[in-house]
Every structure is written in structure tokens, then in C-alpha cells.
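Please read the structure below before turning to the comments.
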Amino acid sequence: MRPILQLRGIKAFYGQSEVLHGIDVAIEEGGMTVLLGANGAGKTTALRAICGTVRREGEILFAGQRIERRATEDVARLRIAHVPEGRGTFVGLTVEENLQLGGYAIRGRAAANMQRMYGYFPVLAAYRRRQAGALSGGEQQMLAIARALMMEPRLLLLDEPSFGLAPRIVEEIFAIIERIRRDEHVSVLLVEQNASLALELADHAYLIETGSVVASGTAKSLADNPQVRRSYLGY
Amino acid sequence: MHQFLQQTFSGLGAGAIYASLALALVMIYRATDLVNFAQGEMAMFSTYIAWTLVNAGLPFWAAFFITLFISFAGGMAIERIVIRPVESAPVLSAVVVTLGLLLIFNATAGWIYTYTLQEFPSPFPDRPLFGALMTTRDLGVIAVTLAMLALLFVFFRFTSTGLAMRAAAQNPESARLCGVRVGRMLAIGWGLAAAIGAIAGIMVAPVLFLDPNMMSGVLLYAFTGALLGGITSPVGAVVGGLIVGVTENLVGTYLIPSQLKLTVALGLIILVLVFKPNGLFGTAIVRRV
């Protein structure tokens, strides 16, 4: 399979300090790839480097196109959707307005997409006129995913969708992600702390430690890797 | 009683103008966390443009709409050229830039048009209405303000660009991730604020007469209105502006000599800051770290 996204020697910086030291990552079209690693390893920064919300160096190829010099809004317009850390909800706007913003760049089909999202997430339809800030954590996570899908993404970047949620809600959200991935033909790059869950769903995985890739391969091979088992799976 | 109502209506006429300028201040504050001290002088300069067009023989309303268009373009240009370079600088640098703009506009207007008072035509005749309770001029000013507010409401509430502007003001990074061109939204915000200010200037000029310092008092009242309503709330700006207009007029009529009217504004600012720092409709300012 050919990769839809390739990072080649990507470095990323916060101010003067380099937090990614030249990582190489390839994401297969239609697949789900997961970035594993401890807190502060640079997983979130890798996603931010793709979107250009952090200063980066190196090469990023999306569907064969170089995109590392593009502004964040232009990366989004290539239909790379990012559900950021902290969900990025517009808390002062209604649920429906949040979804409209997700479809901002593809105005013509926004109404139809919104109906599809309400199909995946009936709770959002019930709360469509409510302020997004009044939703529960799980509902806000659903809203964030739905908002990202509104732009008909070719690549979906998901930053810790399980963060701060009860196990039951996490299962529900990942079941929806699985379903959406099949139905919407979207490639997914997932950042996740919950390694056992992530390795079950993903087909490829990368292990990042202090800004470098230290192991990579199929999800199965990483699940069998003794280092991963000891540090991230706990057995 | 008659005098009381009369002064209240006349206060609403003035308050509508303060409300417009306060709204312009709030729009820029919400988008960029910046108080634009040049808002009054920008409005004054726009009013001179309208004056020039009227003197060139254009009908009043033609001059009015052309001026709004020029002001909108000018406001966008100011954002692009002067404000954008200090966007990521400390907020004090940006404030100093707006103070610089204030001086530049004031001096340029004085240089081009001199500091002589100029008569400015009113589109509304000054006739008494409802048994001299109010004048057609006050009614006209209030009507123009309401029409402008209605248009702005429809724009922000029902158009895709209006929604994108609200999103960009609230959470710029998320807006970018949705493909919103945040820089362009800020420029449009400055353009709109400049056009709103132009309306305030054109409406107040027939009363105050036109000169480069015309807006200094009006800007102070507008600040008071914006603070009273809560500097983050557009509705608050309008309500605050109207309250300030009425208060100023009534206090000036019944309590203190009208020469001291401007101190009413300062008194109100102090009261608001001491007792209700977030204003009537404002939300607590949370620092984003």
C-alpha cells in the first residue's frame, strides 16, 4: 500500500528548544497508525508539526505533495482534519455552529454532512442548539470528532480521544471511530496513552521516546516487543 | 415630567452614537484583546471624507455609503499594515501603536482640513415630534443605529463569514484547523469597526460641528459605555452606550452644571471598575496561558 502521509526527518521546536529530533513516519492510505509513548515524548507535537501549529523543519509529503511550508488553514483545506489535544471546542458557540465551522471549507455539502454526523452521534442532534461548553467531556469529544469529519477528511489526526473519559465512554468512542473509518474511507493517525486499546485497533504503530522514534512496525509486532510490553502494556 | 422625558429621549439620541462607537471598540477588543484608542480619530477622519464628498455635490446618502465603503477598506488596510506586525508583540506595544494612530489621524486631519469648525449637514430635519418630546433628528439617529445593529446581528448570526469571525475571535487555533483564514477575519473586523465608527461620526457631526478634535469627548463616553456593558459583550456595548447617553443628559440637566457633564463619564468608569469590573453583560477575563 502506498502511504498517504510521510514525515521525513521532521524536527519541531517550541521557541528555541527542539522537541522532535528528526522523526520518520509513514501512514498507509485507509489504515490506522498509532503513535505511542510516555507523556512529553513528542506525540502531540508530531501532530502539531503536520498541521503547522508548531515550528517545524524537514519534509512532509501528503498524497505526494510537499506541505511543510503551508499555513495551518491551508493544510486543513487539503482535508487533513485535526482533533487537537483538549478537543479545541468553540465553547461559546452552539453544537450546530461548531459543526458548521468544521464544514467551513466545503460549504456546499455541509448540510448533508451534518445530517450524517447526527446519525453517528444522535446525542449531538439532541443538543444541537446547546452551547458546546455545556456538554459533558464525552459529548465534547464526540463533537470534536464530528467537527473534524465535517470537512470530509482524507486524513484524520486524533490526539488522545480517551483523555479524561470513563472507560465505558472510551469504548463507545473507539467503536464509533472504527465504524467511521470504514464508512468514510479515512486514514487515521492516532495518538494514544492507552497502548493496549490502541494496538488492538491500529494496523501500524510507532513508539516515540524523548523526541525520537525508537521502535516501529505492525501493531502486532509492537504488541509483542518486550520493551513495549514492559513500559506501556504492563505485563 | 415633560422635561424629564425630553431629556431622556435626547439622551437616547446621543447614547445611540456612543453605542455605535462602543460597539466598534468591543469588536476589536474581542478579536484582538486590544483597546483601539484611535477609534474616535478614525471616525473623525471618515466624517471628513463624507464632508468632502457632500461638498463635492454628492447627495447625502450617496456620500454616506461611499464613506462607509472607504472606511471599511481603510480599516482593513490599517490592520494589515500597522497592527499585524505587532500582533504577537506584548499588548502594550499594540496599544502604543493605536495611540500613535490617534495622533497621526488627528494631525493629518488638521493639516488637510485645518482646525476650524465646519458645519456638517444633517440628513434629518430638526423638527419637534410628539409634542416636542423629541426631535426628528434624534429619532433619525436612533433609527440609523438600530438598522446598523440589525444588519450586524444578521451578519454575525446567519452568515458563514460572520460565524468564522466569531470562531476566530474565540479560538484562533481551532478556527485555523477548520480552514478559517484568521488573519483575513481580523482585517474584516477592523474594517467593520471603522465603518461603524464612521456612522457614529457622521451622525454626531451635525450636532458637534466637524473639527479634528470632535470625537475626543465621544470616545470617552463610548469607552464608558463599553466598560459599563462589559468590554467583551456587543449587546453590553449598545446598552452601556445608551445608559451613558441618558445618564449624562439627565445628570447634566438636574444635578450638575452642564460644563461638568464629561466628569459623569469618568465617574461612571470608576464606579464600574470598583463595583462590577466585568460590566453588566461581560464575562470574566480568563488569561490564556
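Ligands are numbered from 1 in the order shown, chains are lettered A, B, ... in the order of the C-alpha cells, and residues start at 1 in each chain.
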Report task. Would you give me, as number ranges by chain, the residues of chain A that come within 7 Å of chain B, using only C-alpha atoms? Result -> A: 72-74, 76-77, 82, 88, 90, 101-102, 104-105
Report task. Give me the residues within 6 Å of stretch 193-205 of chain B as an MDAnalysis selection string, counting only C-alpha atoms and dropping any in the same chain fewer than 6 places off. Result -> chainID B and resid 17 20:21 24 43:44 46:47 68 71:72 75 120
Same residues, N, CA and C atoms, output as a PDB file, in the first residue's frame:
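The resulting part_7.pdb:
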```pdb
ATOM      1  N   ILE B  17     -25.238  57.137  19.495  1.00  0.00           N
ATOM      2  CA  ILE B  17     -23.928  57.396  18.883  1.00  0.00           C
ATOM      3  C   ILE B  17     -22.808  56.770  19.724  1.00  0.00           C
ATOM      4  N   SER B  20     -22.740  53.067  19.135  1.00  0.00           N
ATOM      5  CA  SER B  20     -22.084  52.647  17.894  1.00  0.00           C
ATOM      6  C   SER B  20     -20.577  52.576  18.072  1.00  0.00           C
ATOM      7  N   LEU B  21     -20.012  53.656  18.633  1.00  0.00           N
ATOM      8  CA  LEU B  21     -18.559  53.687  18.792  1.00  0.00           C
ATOM      9  C   LEU B  21     -18.104  52.637  19.809  1.00  0.00           C
ATOM     10  N   ALA B  24     -17.858  49.384  18.102  1.00  0.00           N
ATOM     11  CA  ALA B  24     -16.628  49.286  17.311  1.00  0.00           C
ATOM     12  C   ALA B  24     -15.458  48.892  18.212  1.00  0.00           C
ATOM     13  N   ALA B  43     -12.947  57.599  13.154  1.00  0.00           N
ATOM     14  CA  ALA B  43     -14.316  58.029  12.847  1.00  0.00           C
ATOM     15  C   ALA B  43     -14.333  59.480  12.382  1.00  0.00           C
ATOM     16  N   MET B  44     -13.543  60.320  13.053  1.00  0.00           N
ATOM     17  CA  MET B  44     -13.463  61.726  12.674  1.00  0.00           C
ATOM     18  C   MET B  44     -12.955  61.861  11.243  1.00  0.00           C
ATOM     19  N   SER B  46     -13.109  59.652   8.855  1.00  0.00           N
ATOM     20  CA  SER B  46     -14.168  59.190   7.947  1.00  0.00           C
ATOM     21  C   SER B  46     -15.191  60.292   7.725  1.00  0.00           C
ATOM     22  N   THR B  47     -15.522  61.008   8.808  1.00  0.00           N
ATOM     23  CA  THR B  47     -16.522  62.067   8.694  1.00  0.00           C
ATOM     24  C   THR B  47     -16.035  63.172   7.752  1.00  0.00           C
ATOM     25  N   LEU B  68     -18.735  54.826   4.066  1.00  0.00           N
ATOM     26  CA  LEU B  68     -18.678  53.549   4.785  1.00  0.00           C
ATOM     27  C   LEU B  68     -17.759  52.576   4.057  1.00  0.00           C
ATOM     28  N   SER B  71     -14.171  53.651   4.490  1.00  0.00           N
ATOM     29  CA  SER B  71     -13.741  53.404   5.867  1.00  0.00           C
ATOM     30  C   SER B  71     -13.469  51.924   6.089  1.00  0.00           C
ATOM     31  N   PHE B  72     -14.331  51.080   5.528  1.00  0.00           N
ATOM     32  CA  PHE B  72     -14.142  49.634   5.653  1.00  0.00           C
ATOM     33  C   PHE B  72     -12.796  49.232   5.048  1.00  0.00           C
ATOM     34  N   GLY B  75      -9.985  50.597   7.242  1.00  0.00           N
ATOM     35  CA  GLY B  75      -9.824  49.826   8.473  1.00  0.00           C
ATOM     36  C   GLY B  75      -9.070  48.536   8.213  1.00  0.00           C
ATOM     37  N   PHE B 120     -21.708  70.601   9.338  1.00  0.00           N
ATOM     38  CA  PHE B 120     -21.926  69.327   8.663  1.00  0.00           C
ATOM     39  C   PHE B 120     -23.422  69.136   8.481  1.00  0.00           C
TER      40      PHE B 120
END
```
Query raised in the report: Skipping near chain neighbours, those fewer than 6 positions away, what residues fall within 8 Å of A:Ile173 using only C-alpha atoms, listed as a ChimeraX atom specification?
Result: /A:142,161-162
**Report entry** For B:Met76: contacts at 9 Å, only C-alpha atoms, fewer than 4 positions along chain excluded, given as a PyMOL selection string
**Finding:** chain B and resi 71-72+80-81+184+186-192+194
Requested in this report: Just list the residues in stretch 57-256 of chain B DSSP gives helix (DSSP H, G or I) on the backbone, as a VMD selection string.
Outcome: chain B and resid 60 to 86 91 to 113 136 to 158 160 to 170 172 to 177 182 to 208 215 to 229 234 to 254
Using C-alpha atoms, can you export the residues from the last selection as a compact mmCIF listing (two decimals), in the first residue's frame?
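Produced file again.txt, reproduced below:
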```txt
# COMPACT_ATOMS: atom_id res chain seq x y z
CA PHE B 60 -26.06 62.97 1.45
CA TRP B 61 -26.88 59.24 1.39
CA ALA B 62 -24.58 58.58 -1.56
CA ALA B 63 -21.76 60.26 0.36
CA PHE B 64 -22.74 58.25 3.44
CA PHE B 65 -22.47 54.84 1.78
CA ILE B 66 -19.32 55.69 -0.18
CA THR B 67 -17.74 56.83 3.09
CA LEU B 68 -18.68 53.55 4.79
CA PHE B 69 -17.07 51.63 1.95
CA ILE B 70 -13.88 53.72 2.06
CA SER B 71 -13.74 53.40 5.87
CA PHE B 72 -14.14 49.63 5.65
CA ALA B 73 -11.27 49.38 3.19
CA GLY B 74 -9.20 51.81 5.28
CA GLY B 75 -9.82 49.83 8.47
CA MET B 76 -8.71 46.63 6.75
CA ALA B 77 -5.60 48.37 5.44
CA ILE B 78 -4.72 49.65 8.94
CA GLU B 79 -4.96 46.12 10.33
CA ARG B 80 -2.81 44.69 7.56
CA ILE B 81 -0.13 47.39 7.55
CA VAL B 82 0.12 48.69 11.12
CA ILE B 83 -1.48 46.20 13.51
CA ARG B 84 -0.37 42.86 12.05
CA PRO B 85 3.35 43.48 12.63
CA VAL B 86 2.71 43.96 16.39
CA VAL B 91 -0.18 44.08 24.23
CA LEU B 92 1.32 47.36 25.41
CA SER B 93 3.20 47.74 22.10
CA ALA B 94 -0.06 47.39 20.19
CA VAL B 95 -1.74 49.93 22.48
CA VAL B 96 1.07 52.38 21.82
CA VAL B 97 0.60 51.78 18.09
CA THR B 98 -3.09 52.72 18.37
CA LEU B 99 -2.13 55.84 20.34
CA GLY B 100 0.28 56.68 17.54
CA LEU B 101 -2.55 56.22 15.03
CA LEU B 102 -4.68 58.62 17.09
CA LEU B 103 -2.04 61.34 16.79
CA ILE B 104 -1.41 60.65 13.11
CA PHE B 105 -5.09 60.90 12.19
CA ASN B 106 -5.60 64.00 14.31
CA ALA B 107 -2.59 65.82 12.91
CA THR B 108 -3.28 64.75 9.32
CA ALA B 109 -6.87 65.95 9.55
CA GLY B 110 -5.67 69.26 10.99
CA TRP B 111 -3.12 69.61 8.21
CA ILE B 112 -5.57 68.85 5.40
CA TYR B 113 -8.75 70.43 6.76
CA THR B 136 -36.84 64.13 14.19
CA ARG B 137 -33.05 64.28 14.33
CA ASP B 138 -32.82 62.17 17.49
CA LEU B 139 -35.34 59.75 16.03
CA GLY B 140 -33.32 59.54 12.79
CA VAL B 141 -30.06 58.86 14.64
CA ILE B 142 -31.72 56.14 16.73
CA ALA B 143 -33.26 54.59 13.60
CA VAL B 144 -29.91 54.51 11.78
CA THR B 145 -28.25 52.90 14.81
CA LEU B 146 -30.96 50.27 15.11
CA ALA B 147 -30.75 49.46 11.40
CA MET B 148 -26.98 49.05 11.70
CA LEU B 149 -27.36 46.78 14.75
CA ALA B 150 -29.93 44.64 12.95
CA LEU B 151 -27.63 44.24 9.94
CA LEU B 152 -24.68 43.33 12.16
CA PHE B 153 -26.78 40.81 14.06
CA VAL B 154 -27.88 39.11 10.85
CA PHE B 155 -24.30 39.12 9.55
CA PHE B 156 -22.78 37.54 12.68
CA ARG B 157 -25.62 35.16 13.36
CA PHE B 158 -26.58 33.86 9.93
CA SER B 160 -20.74 31.78 7.21
CA THR B 161 -18.21 34.64 7.34
CA GLY B 162 -19.86 36.02 10.48
CA LEU B 163 -19.62 32.62 12.15
CA ALA B 164 -15.98 32.29 11.08
CA MET B 165 -15.24 35.71 12.59
CA ARG B 166 -16.78 34.70 15.91
CA ALA B 167 -14.80 31.46 15.84
CA ALA B 168 -11.56 33.26 15.03
CA ALA B 169 -12.10 35.67 17.93
CA GLN B 170 -12.88 32.88 20.36
CA PRO B 172 -7.95 31.23 16.66
CA GLU B 173 -6.06 27.93 16.58
CA SER B 174 -9.19 25.80 16.28
CA ALA B 175 -10.52 28.18 13.65
CA ARG B 176 -7.34 27.65 11.60
CA LEU B 177 -7.73 23.89 11.95
CA VAL B 182 -7.93 34.04 10.76
CA GLY B 183 -5.79 36.93 9.51
CA ARG B 184 -8.42 37.86 6.95
CA MET B 185 -11.15 37.68 9.63
CA LEU B 186 -9.22 40.12 11.84
CA ALA B 187 -8.86 42.51 8.90
CA ILE B 188 -12.60 42.30 8.20
CA GLY B 189 -13.22 43.01 11.92
CA TRP B 190 -11.13 46.18 11.71
CA GLY B 191 -12.92 47.16 8.51
CA LEU B 192 -16.32 46.72 10.13
CA ALA B 193 -15.24 48.64 13.24
CA ALA B 194 -14.03 51.51 11.06
CA ALA B 195 -17.32 51.59 9.14
CA ILE B 196 -19.37 51.51 12.36
CA GLY B 197 -17.23 54.36 13.71
CA ALA B 198 -17.85 56.29 10.50
CA ILE B 199 -21.60 56.03 11.09
CA ALA B 200 -21.14 57.41 14.61
CA GLY B 201 -19.00 60.28 13.31
CA ILE B 202 -21.44 61.23 10.55
CA MET B 203 -24.38 61.11 12.97
CA VAL B 204 -22.70 63.25 15.63
CA ALA B 205 -21.08 65.84 13.33
CA PRO B 206 -24.24 67.91 12.68
CA VAL B 207 -24.58 68.42 16.46
CA LEU B 208 -20.95 68.94 17.50
CA MET B 215 -14.54 62.73 18.73
CA SER B 216 -12.38 63.05 21.86
CA GLY B 217 -15.37 63.51 24.18
CA VAL B 218 -17.47 60.99 22.27
CA LEU B 219 -14.70 58.38 22.54
CA LEU B 220 -14.60 58.84 26.31
CA TYR B 221 -18.36 58.27 26.53
CA ALA B 222 -18.02 55.26 24.23
CA PHE B 223 -15.29 53.77 26.46
CA THR B 224 -17.57 54.29 29.43
CA GLY B 225 -20.43 52.60 27.60
CA ALA B 226 -18.22 49.67 26.58
CA LEU B 227 -16.87 49.22 30.13
CA LEU B 228 -20.31 49.56 31.66
CA GLY B 229 -21.75 46.92 29.35
CA PRO B 234 -21.52 43.60 21.90
CA VAL B 235 -25.01 43.73 23.45
CA GLY B 236 -23.44 45.25 26.55
CA ALA B 237 -21.73 47.92 24.45
CA VAL B 238 -25.03 49.04 22.97
CA VAL B 239 -26.93 49.00 26.27
CA GLY B 240 -23.99 50.67 28.05
CA GLY B 241 -23.75 53.39 25.40
CA LEU B 242 -27.46 54.18 25.71
CA ILE B 243 -27.28 54.26 29.53
CA VAL B 244 -24.33 56.62 29.39
CA GLY B 245 -26.14 58.92 26.96
CA VAL B 246 -29.25 59.14 29.12
CA THR B 247 -27.34 59.43 32.42
CA GLU B 248 -25.10 62.15 31.08
CA ASN B 249 -28.08 64.16 29.87
CA LEU B 250 -30.21 63.78 32.99
CA VAL B 251 -27.36 64.40 35.43
CA GLY B 252 -26.33 67.43 33.35
CA THR B 253 -29.88 68.77 33.43
CA TYR B 254 -30.80 68.22 37.06
```
Query - For A:Ser231, the nearest of the candidates A:Gly42, A:Ala81, A:Thr94, A:Leu36, counting only C-alpha atoms - result: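 Between A:Gly42, A:Ala81, A:Thr94, A:Leu36, the residue approaching A:Ser231 most closely is A:Leu36.
If only C-alpha atoms are the atoms counted, then among A:Thr33, A:Arg130, A:Ala41, A:Arg230 the closest residue to A:Leu157 is A:Thr33.
Near stretch 177-194 of chain A, within 7 Å and counting only C-alpha atoms, sit Glu29, Gly30, Gly31, Met32, Thr33, Val34, Leu35, Leu36, Gly37, Lys43, Pro153, Arg154, Leu155, Leu156, Leu157, Leu158, Asp159, Glu160, Ile173 and Ala198 of chain A; same-chain residues fewer than 4 positions away were not included.
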With C-alpha atoms retained, export the selected residues as a PDB file, in the first residue's frame.
```pdb
ATOM      1  CA  GLU A  29      -3.847   5.099   2.974  1.00  0.00           C
ATOM      2  CA  GLY A  30      -7.012   3.772   4.574  1.00  0.00           C
ATOM      3  CA  GLY A  31      -5.198   2.427   7.611  1.00  0.00           C
ATOM      4  CA  MET A  32      -4.926   3.366  11.225  1.00  0.00           C
ATOM      5  CA  THR A  33      -1.497   4.200  12.584  1.00  0.00           C
ATOM      6  CA  VAL A  34      -0.848   4.908  16.232  1.00  0.00           C
ATOM      7  CA  LEU A  35       1.898   6.907  17.928  1.00  0.00           C
ATOM      8  CA  LEU A  36       2.711   5.501  21.349  1.00  0.00           C
ATOM      9  CA  GLY A  37       4.889   6.953  24.051  1.00  0.00           C
ATOM     10  CA  LYS A  43       3.448  12.594  20.159  1.00  0.00           C
ATOM     11  CA  PRO A 153     -11.045  14.500   5.656  1.00  0.00           C
ATOM     12  CA  ARG A 154      -8.696  12.219   3.772  1.00  0.00           C
ATOM     13  CA  LEU A 155      -6.553  12.040   6.897  1.00  0.00           C
ATOM     14  CA  LEU A 156      -7.818  12.333  10.455  1.00  0.00           C
ATOM     15  CA  LEU A 157      -5.385  13.220  13.241  1.00  0.00           C
ATOM     16  CA  LEU A 158      -6.750  12.183  16.633  1.00  0.00           C
ATOM     17  CA  ASP A 159      -4.988  13.365  19.785  1.00  0.00           C
ATOM     18  CA  GLU A 160      -5.878  11.184  22.774  1.00  0.00           C
ATOM     19  CA  ILE A 173     -15.968   6.460  21.184  1.00  0.00           C
ATOM     20  CA  ALA A 198      -4.642   1.453  20.543  1.00  0.00           C
TER      21      ALA A 198
END
```
Query - Spatial neighbours of stretch 112-119 of chain A, max dist 12 Å, only C-alpha atoms, sep filter under 6 positions, as number ranges by chain - result: A: 95-104, 106, 125-128, 142-153, 176, 180, 183-184
Output C-alpha atoms for every residue in the selection just made, as a PDB file, in the first residue's frame.
```
ATOM      1  CA  VAL A  95     -23.140  22.442  18.853  1.00  0.00           C
ATOM      2  CA  GLU A  96     -24.538  23.150  15.405  1.00  0.00           C
ATOM      3  CA  GLU A  97     -22.277  26.168  14.896  1.00  0.00           C
ATOM      4  CA  ASN A  98     -19.272  24.039  15.846  1.00  0.00           C
ATOM      5  CA  LEU A  99     -20.241  21.559  13.156  1.00  0.00           C
ATOM      6  CA  GLN A 100     -20.823  24.329  10.614  1.00  0.00           C
ATOM      7  CA  LEU A 101     -17.280  25.540  11.261  1.00  0.00           C
ATOM      8  CA  GLY A 102     -15.977  22.038  10.607  1.00  0.00           C
ATOM      9  CA  GLY A 103     -17.598  22.246   7.174  1.00  0.00           C
ATOM     10  CA  TYR A 104     -16.442  25.834   6.601  1.00  0.00           C
ATOM     11  CA  ILE A 106     -16.569  22.760   1.858  1.00  0.00           C
ATOM     12  CA  ALA A 125     -28.586  16.146  17.340  1.00  0.00           C
ATOM     13  CA  ALA A 126     -30.494  16.323  20.620  1.00  0.00           C
ATOM     14  CA  TYR A 127     -28.211  19.106  21.900  1.00  0.00           C
ATOM     15  CA  ARG A 128     -27.727  20.943  18.591  1.00  0.00           C
ATOM     16  CA  MET A 142     -17.833  13.314  20.035  1.00  0.00           C
ATOM     17  CA  LEU A 143     -18.429  16.890  18.905  1.00  0.00           C
ATOM     18  CA  ALA A 144     -14.709  17.340  18.209  1.00  0.00           C
ATOM     19  CA  ILE A 145     -14.602  14.170  16.093  1.00  0.00           C
ATOM     20  CA  ALA A 146     -17.798  15.112  14.267  1.00  0.00           C
ATOM     21  CA  ARG A 147     -16.464  18.608  13.619  1.00  0.00           C
ATOM     22  CA  ALA A 148     -13.303  17.137  12.104  1.00  0.00           C
ATOM     23  CA  LEU A 149     -15.311  14.744   9.904  1.00  0.00           C
ATOM     24  CA  MET A 150     -17.455  17.613   8.601  1.00  0.00           C
ATOM     25  CA  MET A 151     -14.634  18.609   6.242  1.00  0.00           C
ATOM     26  CA  GLU A 152     -14.627  15.152   4.608  1.00  0.00           C
ATOM     27  CA  PRO A 153     -11.045  14.500   5.656  1.00  0.00           C
ATOM     28  CA  ILE A 176     -17.602   4.863  16.561  1.00  0.00           C
ATOM     29  CA  ILE A 180     -16.385   5.839  10.746  1.00  0.00           C
ATOM     30  CA  ASP A 183     -17.699   4.067   6.235  1.00  0.00           C
ATOM     31  CA  GLU A 184     -15.866   7.295   5.437  1.00  0.00           C
TER      32      GLU A 184
END
```
Query - Spatial neighbours of A:Gly52, max dist 8 Å, only C-alpha atoms, sep filter under 2 positions, as JSON, numbers by chain - result: {"A": [48, 49, 50, 54, 55, 56, 68, 70, 71, 72, 75]}
Requested in this report: Using DSSP on the backbone coordinates, identify the residues of stretch 70-115 of chain A assigned to strand (DSSP E); present them as a PyMOL selection string.
Outcome: chain A and resi 80-83
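Rounded to one decimal, atom CA of B:Phe130 and atom CA of B:Thr8 lie 13.8 Å from each other.
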